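What follows is the content of model.csv (CSV, N, CA and C atoms).
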```
chain,number,residue,atom,x,y,z
A,1,MET,N,-38.8,-31.3,33.2
A,1,MET,CA,-37.6,-31.9,33.8
A,1,MET,C,-37.7,-31.7,35.3
A,2,GLN,N,-37.5,-32.8,36.0
A,2,GLN,CA,-37.6,-32.8,37.4
A,2,GLN,C,-36.3,-32.3,38.0
A,3,ARG,N,-36.4,-31.2,38.8
A,3,ARG,CA,-35.2,-30.6,39.5
A,3,ARG,C,-35.0,-31.3,40.8
A,4,THR,N,-33.7,-31.6,41.1
A,4,THR,CA,-33.4,-32.2,42.4
A,4,THR,C,-33.5,-31.2,43.5
A,5,GLN,N,-34.2,-31.5,44.6
A,5,GLN,CA,-34.5,-30.6,45.6
A,5,GLN,C,-33.3,-30.0,46.3
A,6,ASN,N,-32.2,-30.8,46.5
A,6,ASN,CA,-31.1,-30.3,47.2
A,6,ASN,C,-30.2,-29.3,46.4
A,7,ARG,N,-30.4,-29.2,45.1
A,7,ARG,CA,-29.7,-28.2,44.4
A,7,ARG,C,-30.4,-27.0,44.0
A,8,LEU,N,-31.7,-26.9,44.5
A,8,LEU,CA,-32.5,-25.7,44.2
A,8,LEU,C,-32.1,-24.6,45.2
A,9,ARG,N,-32.2,-23.4,44.7
A,9,ARG,CA,-31.9,-22.2,45.5
A,9,ARG,C,-32.9,-21.2,45.4
A,10,LYS,N,-33.3,-20.5,46.5
A,10,LYS,CA,-34.3,-19.4,46.4
A,10,LYS,C,-33.7,-18.2,45.8
A,11,VAL,N,-34.4,-17.6,44.8
A,11,VAL,CA,-33.9,-16.5,44.1
A,11,VAL,C,-35.1,-15.4,44.1
A,12,ASN,N,-34.8,-14.2,44.5
A,12,ASN,CA,-35.8,-13.2,44.5
A,12,ASN,C,-35.9,-12.6,43.1
A,13,VAL,N,-37.2,-12.2,42.8
A,13,VAL,CA,-37.5,-11.7,41.5
A,13,VAL,C,-38.1,-10.3,41.6
A,14,PHE,N,-37.6,-9.3,40.8
A,14,PHE,CA,-38.0,-7.9,40.9
A,14,PHE,C,-38.4,-7.5,39.5
A,15,ALA,N,-39.5,-6.8,39.4
A,15,ALA,CA,-40.0,-6.2,38.1
A,15,ALA,C,-39.6,-4.8,38.0
A,16,PRO,N,-39.2,-4.3,36.8
A,16,PRO,CA,-38.8,-2.9,36.6
A,16,PRO,C,-40.0,-2.0,36.6
A,17,CYS,N,-40.0,-1.0,37.4
A,17,CYS,CA,-41.1,0.0,37.4
A,17,CYS,C,-40.5,1.4,37.2
A,18,ALA,N,-41.2,2.2,36.5
A,18,ALA,CA,-40.8,3.5,36.2
A,18,ALA,C,-41.4,4.4,37.3
A,19,SER,N,-40.5,5.2,37.9
A,19,SER,CA,-41.0,6.2,38.9
A,19,SER,C,-40.4,7.6,38.5
A,20,PRO,N,-41.1,8.6,38.9
A,20,PRO,CA,-40.7,9.9,38.5
A,20,PRO,C,-39.4,10.3,39.2
A,21,SER,N,-38.5,10.8,38.4
A,21,SER,CA,-37.2,11.2,38.9
A,21,SER,C,-37.3,12.7,39.4
A,22,GLY,N,-36.3,13.2,40.1
A,22,GLY,CA,-36.4,14.5,40.6
A,22,GLY,C,-36.2,15.6,39.5
A,23,TYR,N,-35.7,15.1,38.4
A,23,TYR,CA,-35.4,16.1,37.3
A,23,TYR,C,-36.4,15.9,36.1
A,24,VAL,N,-35.9,15.4,35.0
A,24,VAL,CA,-36.8,15.2,33.9
A,24,VAL,C,-36.9,13.7,33.6
A,25,GLY,N,-38.1,13.3,33.3
A,25,GLY,CA,-38.2,11.9,32.9
A,25,GLY,C,-38.5,11.0,34.1
A,26,ARG,N,-38.3,9.7,33.8
A,26,ARG,CA,-38.6,8.7,34.8
A,26,ARG,C,-37.3,7.8,35.0
A,27,LYS,N,-37.2,7.2,36.1
A,27,LYS,CA,-36.1,6.3,36.3
A,27,LYS,C,-36.6,4.9,36.7
A,28,ILE,N,-35.9,3.9,36.4
A,28,ILE,CA,-36.3,2.5,36.6
A,28,ILE,C,-36.0,2.1,38.0
A,29,VAL,N,-37.0,1.7,38.8
A,29,VAL,CA,-36.8,1.2,40.1
A,29,VAL,C,-37.3,-0.2,40.2
A,30,PRO,N,-36.4,-1.2,40.7
A,30,PRO,CA,-36.9,-2.6,40.8
A,30,PRO,C,-37.9,-2.7,41.9
A,31,GLU,N,-39.0,-3.4,41.6
A,31,GLU,CA,-40.1,-3.6,42.6
A,31,GLU,C,-40.2,-5.1,42.9
A,32,PRO,N,-40.2,-5.5,44.2
A,32,PRO,CA,-40.2,-7.0,44.4
A,32,PRO,C,-41.5,-7.6,44.0
A,33,VAL,N,-41.4,-8.7,43.3
A,33,VAL,CA,-42.6,-9.5,42.9
A,33,VAL,C,-42.8,-10.7,43.7
A,34,GLY,N,-41.7,-11.4,44.0
A,34,GLY,CA,-41.8,-12.7,44.7
A,34,GLY,C,-40.4,-13.4,44.6
A,35,PHE,N,-40.5,-14.7,44.7
A,35,PHE,CA,-39.3,-15.5,44.6
A,35,PHE,C,-39.6,-16.8,43.9
A,36,VAL,N,-38.5,-17.4,43.3
A,36,VAL,CA,-38.6,-18.7,42.6
A,36,VAL,C,-37.5,-19.6,43.2
A,37,TYR,N,-37.7,-20.9,43.0
A,37,TYR,CA,-36.6,-21.8,43.3
A,37,TYR,C,-36.0,-22.2,42.0
A,38,ALA,N,-34.7,-22.1,41.9
A,38,ALA,CA,-34.0,-22.4,40.6
A,38,ALA,C,-32.7,-23.1,40.9
A,39,GLU,N,-32.3,-23.8,39.9
A,39,GLU,CA,-30.9,-24.4,39.9
A,39,GLU,C,-30.0,-23.4,39.2
A,40,VAL,N,-29.0,-23.0,39.9
A,40,VAL,CA,-28.1,-21.9,39.5
A,40,VAL,C,-26.8,-22.4,39.0
A,41,PHE,N,-26.3,-22.0,37.8
A,41,PHE,CA,-25.0,-22.3,37.3
A,41,PHE,C,-24.3,-21.0,37.1
A,42,TYR,N,-23.3,-20.7,37.9
A,42,TYR,CA,-22.5,-19.5,37.8
A,42,TYR,C,-21.6,-19.5,36.6
A,43,GLY,N,-21.5,-18.4,35.9
A,43,GLY,CA,-20.6,-18.3,34.8
A,43,GLY,C,-19.3,-17.7,35.1
A,44,LYS,N,-18.3,-17.8,34.2
A,44,LYS,CA,-17.0,-17.2,34.4
A,44,LYS,C,-17.0,-15.7,34.1
A,45,SER,N,-16.1,-15.0,34.8
A,45,SER,CA,-16.0,-13.6,34.5
A,45,SER,C,-15.2,-13.4,33.2
A,46,VAL,N,-15.7,-12.6,32.3
A,46,VAL,CA,-15.1,-12.3,31.0
A,46,VAL,C,-14.7,-10.9,31.0
A,47,LEU,N,-13.5,-10.6,30.6
A,47,LEU,CA,-12.9,-9.3,30.4
A,47,LEU,C,-13.2,-8.8,29.0
A,48,LYS,N,-14.0,-7.8,28.8
A,48,LYS,CA,-14.4,-7.3,27.5
A,48,LYS,C,-13.8,-6.0,27.2
A,49,ASP,N,-13.4,-5.7,26.0
A,49,ASP,CA,-12.9,-4.4,25.5
A,49,ASP,C,-14.2,-3.7,25.0
A,50,GLU,N,-14.3,-2.5,25.6
A,50,GLU,CA,-15.4,-1.6,25.2
A,50,GLU,C,-14.9,-0.3,24.8
A,51,ARG,N,-15.7,0.6,24.4
A,51,ARG,CA,-15.3,1.9,23.9
A,51,ARG,C,-14.6,2.7,25.0
A,52,ASP,N,-15.1,2.6,26.3
A,52,ASP,CA,-14.5,3.4,27.3
A,52,ASP,C,-13.5,2.6,28.2
A,53,GLY,N,-13.1,1.5,27.7
A,53,GLY,CA,-12.0,0.7,28.4
A,53,GLY,C,-12.4,-0.7,28.6
A,54,LYS,N,-11.7,-1.4,29.4
A,54,LYS,CA,-12.0,-2.8,29.7
A,54,LYS,C,-13.0,-2.9,30.8
A,55,ARG,N,-13.9,-4.0,30.7
A,55,ARG,CA,-14.9,-4.2,31.7
A,55,ARG,C,-15.1,-5.6,31.9
A,56,THR,N,-15.3,-6.1,33.2
A,56,THR,CA,-15.6,-7.5,33.4
A,56,THR,C,-17.1,-7.7,33.3
A,57,GLU,N,-17.5,-8.8,32.7
A,57,GLU,CA,-18.9,-9.1,32.6
A,57,GLU,C,-19.1,-10.6,33.1
A,58,ASP,N,-19.9,-10.7,34.1
A,58,ASP,CA,-20.2,-12.1,34.6
A,58,ASP,C,-21.7,-12.2,34.8
A,59,GLY,N,-22.2,-13.4,34.8
A,59,GLY,CA,-23.6,-13.7,35.0
A,59,GLY,C,-23.8,-15.1,35.4
A,60,ALA,N,-25.0,-15.6,35.3
A,60,ALA,CA,-25.4,-16.9,35.7
A,60,ALA,C,-26.5,-17.5,34.7
A,61,THR,N,-26.6,-18.8,34.7
A,61,THR,CA,-27.7,-19.4,34.0
A,61,THR,C,-28.6,-20.1,35.0
A,62,LEU,N,-29.9,-19.9,35.0
A,62,LEU,CA,-30.8,-20.5,35.9
A,62,LEU,C,-31.8,-21.4,35.2
A,63,ILE,N,-32.1,-22.5,35.8
A,63,ILE,CA,-33.1,-23.5,35.3
A,63,ILE,C,-34.2,-23.5,36.3
A,64,LEU,N,-35.4,-23.2,35.9
A,64,LEU,CA,-36.5,-23.2,36.8
A,64,LEU,C,-37.8,-23.7,36.1
A,65,ARG,N,-38.8,-23.8,36.9
A,65,ARG,CA,-40.1,-24.4,36.4
A,65,ARG,C,-40.6,-23.5,35.2
A,66,ARG,N,-41.3,-24.1,34.3
A,66,ARG,CA,-41.8,-23.4,33.2
A,66,ARG,C,-42.9,-22.4,33.6
A,67,GLU,N,-43.6,-22.6,34.6
A,67,GLU,CA,-44.6,-21.7,35.1
A,67,GLU,C,-44.1,-20.6,35.9
A,68,ALA,N,-42.8,-20.3,36.0
A,68,ALA,CA,-42.2,-19.3,36.9
A,68,ALA,C,-42.6,-17.9,36.5
A,69,GLY,N,-42.8,-17.6,35.3
A,69,GLY,CA,-43.3,-16.3,34.8
A,69,GLY,C,-42.2,-15.3,34.8
A,70,VAL,N,-40.9,-15.7,34.7
A,70,VAL,CA,-39.8,-14.7,34.6
A,70,VAL,C,-39.6,-14.4,33.1
A,71,LYS,N,-39.4,-13.1,32.8
A,71,LYS,CA,-39.3,-12.6,31.4
A,71,LYS,C,-38.1,-11.7,31.3
A,72,CYS,N,-37.7,-11.4,30.1
A,72,CYS,CA,-36.5,-10.6,29.8
A,72,CYS,C,-36.8,-9.2,30.4
A,73,GLY,N,-35.8,-8.6,31.0
A,73,GLY,CA,-35.9,-7.3,31.6
A,73,GLY,C,-36.1,-7.3,33.1
A,74,ASP,N,-36.5,-8.5,33.6
A,74,ASP,CA,-36.7,-8.6,35.1
A,74,ASP,C,-35.3,-8.5,35.8
A,75,TYR,N,-35.4,-8.2,37.0
A,75,TYR,CA,-34.2,-8.2,37.9
A,75,TYR,C,-34.3,-9.4,38.8
A,76,MET,N,-33.1,-9.9,39.2
A,76,MET,CA,-33.1,-11.1,40.1
A,76,MET,C,-32.0,-10.8,41.2
A,77,GLY,N,-32.3,-11.4,42.4
A,77,GLY,CA,-31.3,-11.3,43.5
A,77,GLY,C,-30.7,-12.7,43.6
A,78,ILE,N,-29.7,-13.0,42.8
A,78,ILE,CA,-29.0,-14.3,42.8
A,78,ILE,C,-27.9,-14.3,43.9
A,79,TYR,N,-27.1,-13.3,44.0
A,79,TYR,CA,-26.0,-13.3,44.9
A,79,TYR,C,-26.4,-12.8,46.3
A,80,SER,N,-27.5,-12.0,46.4
A,80,SER,CA,-28.0,-11.5,47.6
A,80,SER,C,-29.5,-11.3,47.6
A,81,ASP,N,-30.1,-10.7,48.6
A,81,ASP,CA,-31.5,-10.5,48.6
A,81,ASP,C,-31.9,-9.3,47.7
A,82,ALA,N,-31.0,-8.4,47.5
A,82,ALA,CA,-31.3,-7.2,46.6
A,82,ALA,C,-31.1,-7.5,45.2
A,83,PRO,N,-31.7,-6.8,44.3
A,83,PRO,CA,-31.5,-7.0,42.8
A,83,PRO,C,-30.1,-6.8,42.4
A,84,ASP,N,-29.4,-7.8,41.9
A,84,ASP,CA,-28.0,-7.7,41.5
A,84,ASP,C,-27.8,-8.3,40.1
A,85,SER,N,-28.8,-8.8,39.4
A,85,SER,CA,-28.7,-9.3,38.1
A,85,SER,C,-29.9,-9.0,37.2
A,86,ARG,N,-29.7,-8.9,35.9
A,86,ARG,CA,-30.8,-8.6,35.0
A,86,ARG,C,-30.9,-9.7,34.0
A,87,VAL,N,-32.2,-10.1,33.7
A,87,VAL,CA,-32.4,-11.2,32.8
A,87,VAL,C,-32.3,-10.7,31.4
A,88,THR,N,-31.4,-11.4,30.6
A,88,THR,CA,-31.2,-11.0,29.2
A,88,THR,C,-31.8,-11.9,28.2
A,89,GLU,N,-32.0,-13.2,28.6
A,89,GLU,CA,-32.5,-14.2,27.7
A,89,GLU,C,-33.3,-15.2,28.4
A,90,THR,N,-34.4,-15.6,27.8
A,90,THR,CA,-35.2,-16.7,28.3
A,90,THR,C,-35.4,-17.7,27.2
A,91,SER,N,-35.3,-19.0,27.5
A,91,SER,CA,-35.6,-20.1,26.6
A,91,SER,C,-36.6,-21.0,27.2
A,92,ILE,N,-37.7,-21.3,26.5
A,92,ILE,CA,-38.8,-22.1,27.0
A,92,ILE,C,-38.6,-23.5,26.4
A,93,TYR,N,-38.6,-24.5,27.2
A,93,TYR,CA,-38.5,-25.9,26.8
A,93,TYR,C,-39.8,-26.6,27.3
A,94,PRO,N,-40.1,-27.8,26.9
A,94,PRO,CA,-41.3,-28.5,27.3
A,94,PRO,C,-41.4,-28.7,28.8
A,95,GLY,N,-40.2,-28.9,29.5
A,95,GLY,CA,-40.3,-29.2,30.9
A,95,GLY,C,-39.7,-28.2,31.8
A,96,HIS,N,-39.0,-27.2,31.3
A,96,HIS,CA,-38.4,-26.1,32.1
A,96,HIS,C,-38.2,-24.8,31.4
A,97,LEU,N,-37.7,-23.8,32.1
A,97,LEU,CA,-37.4,-22.5,31.6
A,97,LEU,C,-35.9,-22.2,31.9
A,98,THR,N,-35.2,-21.8,30.9
A,98,THR,CA,-33.8,-21.5,31.1
A,98,THR,C,-33.6,-20.0,30.9
A,99,VAL,N,-33.0,-19.4,31.9
A,99,VAL,CA,-32.8,-17.9,32.0
A,99,VAL,C,-31.3,-17.6,32.1
A,100,ARG,N,-30.9,-16.6,31.3
A,100,ARG,CA,-29.5,-16.1,31.3
A,100,ARG,C,-29.5,-14.8,31.9
A,101,THR,N,-28.6,-14.5,32.9
A,101,THR,CA,-28.6,-13.2,33.5
A,101,THR,C,-27.2,-12.6,33.4
A,102,VAL,N,-27.2,-11.3,33.5
A,102,VAL,CA,-25.9,-10.5,33.6
A,102,VAL,C,-25.9,-9.7,34.9
A,103,ARG,N,-24.8,-9.7,35.5
A,103,ARG,CA,-24.7,-9.0,36.8
A,103,ARG,C,-24.6,-7.5,36.6
A,104,ILE,N,-25.4,-6.7,37.4
A,104,ILE,CA,-25.4,-5.3,37.2
A,104,ILE,C,-24.6,-4.6,38.3
```
Is it possible to give me this structure as structure tokens?
Amino acid sequence: MQRTQNRLRKVNVFAPCASPSGYVGRKIVPEPVGFVYAEVFYGKSVLKDERDGKRTEDGATLILRREAGVKCGDYMGIYSDAPDSRVTETSIYPGHLTVRTVRI
């Protein structure tokens, strides 16, 4: 699927890397991998009831080239240059890749 150039947006991609924490175990630290150009569709904020109270959940859907190499668990900088969203779902189609994210 050919993406229109004027609607593409630069999105930074970060891979989760485990680094030793100061205490016990390891903590996940996002490491920059590069960037991709994607068409971004922002989602609505949804108020969800959870065990510890109400929480808002929002995210975005990105459409990018199939060869982008983005996978579930990666972090993305959609709203800023820092990692602010996590990839929760990827769908591969013949001409493009669709990625769903949740804001962290």
Report as a PDB file with N, CA and C atoms, keeping the file's coordinate frame all protein, DNA and RNA residues lying within 8 Å of Tyr37 of chain A, evaluated on only C-alpha atoms, omitting residues in the same chain fewer than 4 positions from it.
```pdb
ATOM      1  N   LEU A   8     -31.700 -26.900  44.500  1.00  0.00           N
ATOM      2  CA  LEU A   8     -32.500 -25.700  44.200  1.00  0.00           C
ATOM      3  C   LEU A   8     -32.100 -24.600  45.200  1.00  0.00           C
ATOM      4  N   ARG A   9     -32.200 -23.400  44.700  1.00  0.00           N
ATOM      5  CA  ARG A   9     -31.900 -22.200  45.500  1.00  0.00           C
ATOM      6  C   ARG A   9     -32.900 -21.200  45.400  1.00  0.00           C
ATOM      7  N   LYS A  10     -33.300 -20.500  46.500  1.00  0.00           N
ATOM      8  CA  LYS A  10     -34.300 -19.400  46.400  1.00  0.00           C
ATOM      9  C   LYS A  10     -33.700 -18.200  45.800  1.00  0.00           C
ATOM     10  N   VAL A  11     -34.400 -17.600  44.800  1.00  0.00           N
ATOM     11  CA  VAL A  11     -33.900 -16.500  44.100  1.00  0.00           C
ATOM     12  C   VAL A  11     -35.100 -15.400  44.100  1.00  0.00           C
ATOM     13  N   LEU A  64     -35.400 -23.200  35.900  1.00  0.00           N
ATOM     14  CA  LEU A  64     -36.500 -23.200  36.800  1.00  0.00           C
ATOM     15  C   LEU A  64     -37.800 -23.700  36.100  1.00  0.00           C
TER      16      LEU A  64
END
```
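With only N, CA and C atoms as the atoms that count, the residue of A:Ala18, A:Val99, A:Ile92, A:Ala68 with the shortest distance to Phe35 of chain A is A:Ala68.
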- Task: Mind checking which residues fall within 9 Å of Lys71 of chain A, counting only C-alpha atoms, ignoring those fewer than 4 positions away in the same chain, and posting them as JSON, numbers by chain?
- Result: {"A": [87, 88, 89, 90, 99]}
Those selected residues, please, written with N, CA and C atoms and delivered as a PDB file, in the coordinates of the input.
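Output below, filename result08.pdb:
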```pdb
ATOM      1  N   VAL A  87     -32.200 -10.100  33.700  1.00  0.00           N
ATOM      2  CA  VAL A  87     -32.400 -11.200  32.800  1.00  0.00           C
ATOM      3  C   VAL A  87     -32.300 -10.700  31.400  1.00  0.00           C
ATOM      4  N   THR A  88     -31.400 -11.400  30.600  1.00  0.00           N
ATOM      5  CA  THR A  88     -31.200 -11.000  29.200  1.00  0.00           C
ATOM      6  C   THR A  88     -31.800 -11.900  28.200  1.00  0.00           C
ATOM      7  N   GLU A  89     -32.000 -13.200  28.600  1.00  0.00           N
ATOM      8  CA  GLU A  89     -32.500 -14.200  27.700  1.00  0.00           C
ATOM      9  C   GLU A  89     -33.300 -15.200  28.400  1.00  0.00           C
ATOM     10  N   THR A  90     -34.400 -15.600  27.800  1.00  0.00           N
ATOM     11  CA  THR A  90     -35.200 -16.700  28.300  1.00  0.00           C
ATOM     12  C   THR A  90     -35.400 -17.700  27.200  1.00  0.00           C
ATOM     13  N   VAL A  99     -33.000 -19.400  31.900  1.00  0.00           N
ATOM     14  CA  VAL A  99     -32.800 -17.900  32.000  1.00  0.00           C
ATOM     15  C   VAL A  99     -31.300 -17.600  32.100  1.00  0.00           C
TER      16      VAL A  99
END
```
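Atom to atom, atom C of Gln5 of chain A and atom CA of Ala60 of chain A stand 18.6 Å apart.
The space between atom C of Thr56 of chain A and atom N of Tyr79 of chain A spans 15.7 Å.
Distance cut-off 5 Å, centre (-36.4, 5.5, 38.2), atoms counted all atoms listed in the file; the residues meeting this are Ser19, Arg26, Lys27, Ile28 and Val29 of chain A.
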Q: Apply DSSP to the structure's backbone, then extract all residues of chain A labelled strand (DSSP E) and return them as a VMD selection string.
A: chain A and resid 9 to 20 26 to 42 46 to 50 53 to 57 59 to 64 75 to 77 85 to 92 97 to 103
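Across the structure, atom CA of Val33 of chain A and atom CA of Gly77 of chain A are spaced 11.5 Å apart.
The protein and nucleic acid residues lying at most 6.5 Å from Arg66 of chain A are Gly69, Gly95, His96 and Leu97 of chain A, with all atoms listed in the file considered and sequence neighbours fewer than 3 positions away removed.
In terms of minimum interatomic distance to Arg65 of chain A, A:Pro94 ranks closest within A:Pro94, A:Gly25, A:Arg51, A:Asn12, counting only C-alpha atoms.
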Of A:Leu62, A:Ile104, A:Ala15, A:Val24, the one nearest to Gly43 of chain A when counting only C-alpha atoms is A:Leu62
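Of the residues listed (A:Asn6, A:Thr101, A:Cys72, A:Arg55), A:Thr101 shows the shortest atom-to-atom separation from Ser85 of chain A; distances use all atoms listed in the file.
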Within 12 Å of (-13.8, -17.4, 35.9) in the file's own coordinates, which protein, DNA or RNA residues have an atom, counting only C-alpha atoms? List them as a PyMOL selection string.
chain A and resi 42-47+56-60
Write the selection just made, keeping N, CA and C atoms, as a PDB file, in the frame of the given file?
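Below you can see out.pdb, which holds the result:
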```pdb
ATOM      1  N   TYR A  42     -23.300 -20.700  37.900  1.00  0.00           N
ATOM      2  CA  TYR A  42     -22.500 -19.500  37.800  1.00  0.00           C
ATOM      3  C   TYR A  42     -21.600 -19.500  36.600  1.00  0.00           C
ATOM      4  N   GLY A  43     -21.500 -18.400  35.900  1.00  0.00           N
ATOM      5  CA  GLY A  43     -20.600 -18.300  34.800  1.00  0.00           C
ATOM      6  C   GLY A  43     -19.300 -17.700  35.100  1.00  0.00           C
ATOM      7  N   LYS A  44     -18.300 -17.800  34.200  1.00  0.00           N
ATOM      8  CA  LYS A  44     -17.000 -17.200  34.400  1.00  0.00           C
ATOM      9  C   LYS A  44     -17.000 -15.700  34.100  1.00  0.00           C
ATOM     10  N   SER A  45     -16.100 -15.000  34.800  1.00  0.00           N
ATOM     11  CA  SER A  45     -16.000 -13.600  34.500  1.00  0.00           C
ATOM     12  C   SER A  45     -15.200 -13.400  33.200  1.00  0.00           C
ATOM     13  N   VAL A  46     -15.700 -12.600  32.300  1.00  0.00           N
ATOM     14  CA  VAL A  46     -15.100 -12.300  31.000  1.00  0.00           C
ATOM     15  C   VAL A  46     -14.700 -10.900  31.000  1.00  0.00           C
ATOM     16  N   LEU A  47     -13.500 -10.600  30.600  1.00  0.00           N
ATOM     17  CA  LEU A  47     -12.900  -9.300  30.400  1.00  0.00           C
ATOM     18  C   LEU A  47     -13.200  -8.800  29.000  1.00  0.00           C
ATOM     19  N   THR A  56     -15.300  -6.100  33.200  1.00  0.00           N
ATOM     20  CA  THR A  56     -15.600  -7.500  33.400  1.00  0.00           C
ATOM     21  C   THR A  56     -17.100  -7.700  33.300  1.00  0.00           C
ATOM     22  N   GLU A  57     -17.500  -8.800  32.700  1.00  0.00           N
ATOM     23  CA  GLU A  57     -18.900  -9.100  32.600  1.00  0.00           C
ATOM     24  C   GLU A  57     -19.100 -10.600  33.100  1.00  0.00           C
ATOM     25  N   ASP A  58     -19.900 -10.700  34.100  1.00  0.00           N
ATOM     26  CA  ASP A  58     -20.200 -12.100  34.600  1.00  0.00           C
ATOM     27  C   ASP A  58     -21.700 -12.200  34.800  1.00  0.00           C
ATOM     28  N   GLY A  59     -22.200 -13.400  34.800  1.00  0.00           N
ATOM     29  CA  GLY A  59     -23.600 -13.700  35.000  1.00  0.00           C
ATOM     30  C   GLY A  59     -23.800 -15.100  35.400  1.00  0.00           C
ATOM     31  N   ALA A  60     -25.000 -15.600  35.300  1.00  0.00           N
ATOM     32  CA  ALA A  60     -25.400 -16.900  35.700  1.00  0.00           C
ATOM     33  C   ALA A  60     -26.500 -17.500  34.700  1.00  0.00           C
TER      34      ALA A  60
END
```
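If only N, CA and C atoms are the atoms counted, then among A:Asp84, A:Lys54, A:Val102, A:Tyr75 the closest residue to Glu31 of chain A is A:Tyr75.
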task: Identify, with DSSP run on backbone atoms, the residues in chain A assigned to helix (DSSP H, G or I), and express the list as a PyMOL selection string.
output: chain A and resi 5-7+66-68
Could you add all heavy atoms to segment 67-73 of chain A and give me the result as a JSON list (two decimals), in the frame of the given file?
```json
[["chain", "number", "residue", "atom", "x", "y", "z"],
["A", 67, "GLU", "N", -43.60, -22.60, 34.60],
["A", 67, "GLU", "CA", -44.60, -21.70, 35.10],
["A", 67, "GLU", "C", -44.10, -20.60, 35.90],
["A", 67, "GLU", "O", -44.90, -19.85, 36.56],
["A", 67, "GLU", "CB", -45.68, -22.48, 35.89],
["A", 67, "GLU", "CG", -46.32, -23.64, 35.16],
["A", 67, "GLU", "CD", -45.49, -24.92, 35.24],
["A", 67, "GLU", "OE1", -44.70, -25.05, 36.18],
["A", 67, "GLU", "OE2", -45.64, -25.75, 34.35],
["A", 68, "ALA", "N", -42.80, -20.30, 36.00],
["A", 68, "ALA", "CA", -42.20, -19.30, 36.90],
["A", 68, "ALA", "C", -42.60, -17.90, 36.50],
["A", 68, "ALA", "O", -42.76, -17.05, 37.38],
["A", 68, "ALA", "CB", -40.73, -19.46, 36.92],
["A", 69, "GLY", "N", -42.80, -17.60, 35.30],
["A", 69, "GLY", "CA", -43.30, -16.30, 34.80],
["A", 69, "GLY", "C", -42.20, -15.30, 34.80],
["A", 69, "GLY", "O", -42.43, -14.06, 34.74],
["A", 70, "VAL", "N", -40.90, -15.70, 34.70],
["A", 70, "VAL", "CA", -39.80, -14.70, 34.60],
["A", 70, "VAL", "C", -39.60, -14.40, 33.10],
["A", 70, "VAL", "O", -39.72, -15.23, 32.23],
["A", 70, "VAL", "CB", -38.50, -15.38, 35.12],
["A", 70, "VAL", "CG1", -37.32, -14.45, 34.94],
["A", 70, "VAL", "CG2", -38.68, -15.73, 36.58],
["A", 71, "LYS", "N", -39.40, -13.10, 32.80],
["A", 71, "LYS", "CA", -39.30, -12.60, 31.40],
["A", 71, "LYS", "C", -38.10, -11.70, 31.30],
["A", 71, "LYS", "O", -37.47, -11.30, 32.30],
["A", 71, "LYS", "CB", -40.53, -11.94, 30.98],
["A", 71, "LYS", "CG", -40.92, -10.74, 31.79],
["A", 71, "LYS", "CD", -42.29, -10.24, 31.36],
["A", 71, "LYS", "CE", -42.71, -9.04, 32.15],
["A", 71, "LYS", "NZ", -42.77, -9.22, 33.57],
["A", 72, "CYS", "N", -37.70, -11.40, 30.10],
["A", 72, "CYS", "CA", -36.50, -10.60, 29.80],
["A", 72, "CYS", "C", -36.80, -9.20, 30.40],
["A", 72, "CYS", "O", -37.89, -8.66, 30.32],
["A", 72, "CYS", "CB", -36.28, -10.44, 28.32],
["A", 72, "CYS", "SG", -35.60, -11.91, 27.58],
["A", 73, "GLY", "N", -35.80, -8.60, 31.00],
["A", 73, "GLY", "CA", -35.90, -7.30, 31.60],
["A", 73, "GLY", "C", -36.10, -7.30, 33.10],
["A", 73, "GLY", "O", -35.91, -6.30, 33.75]]
```
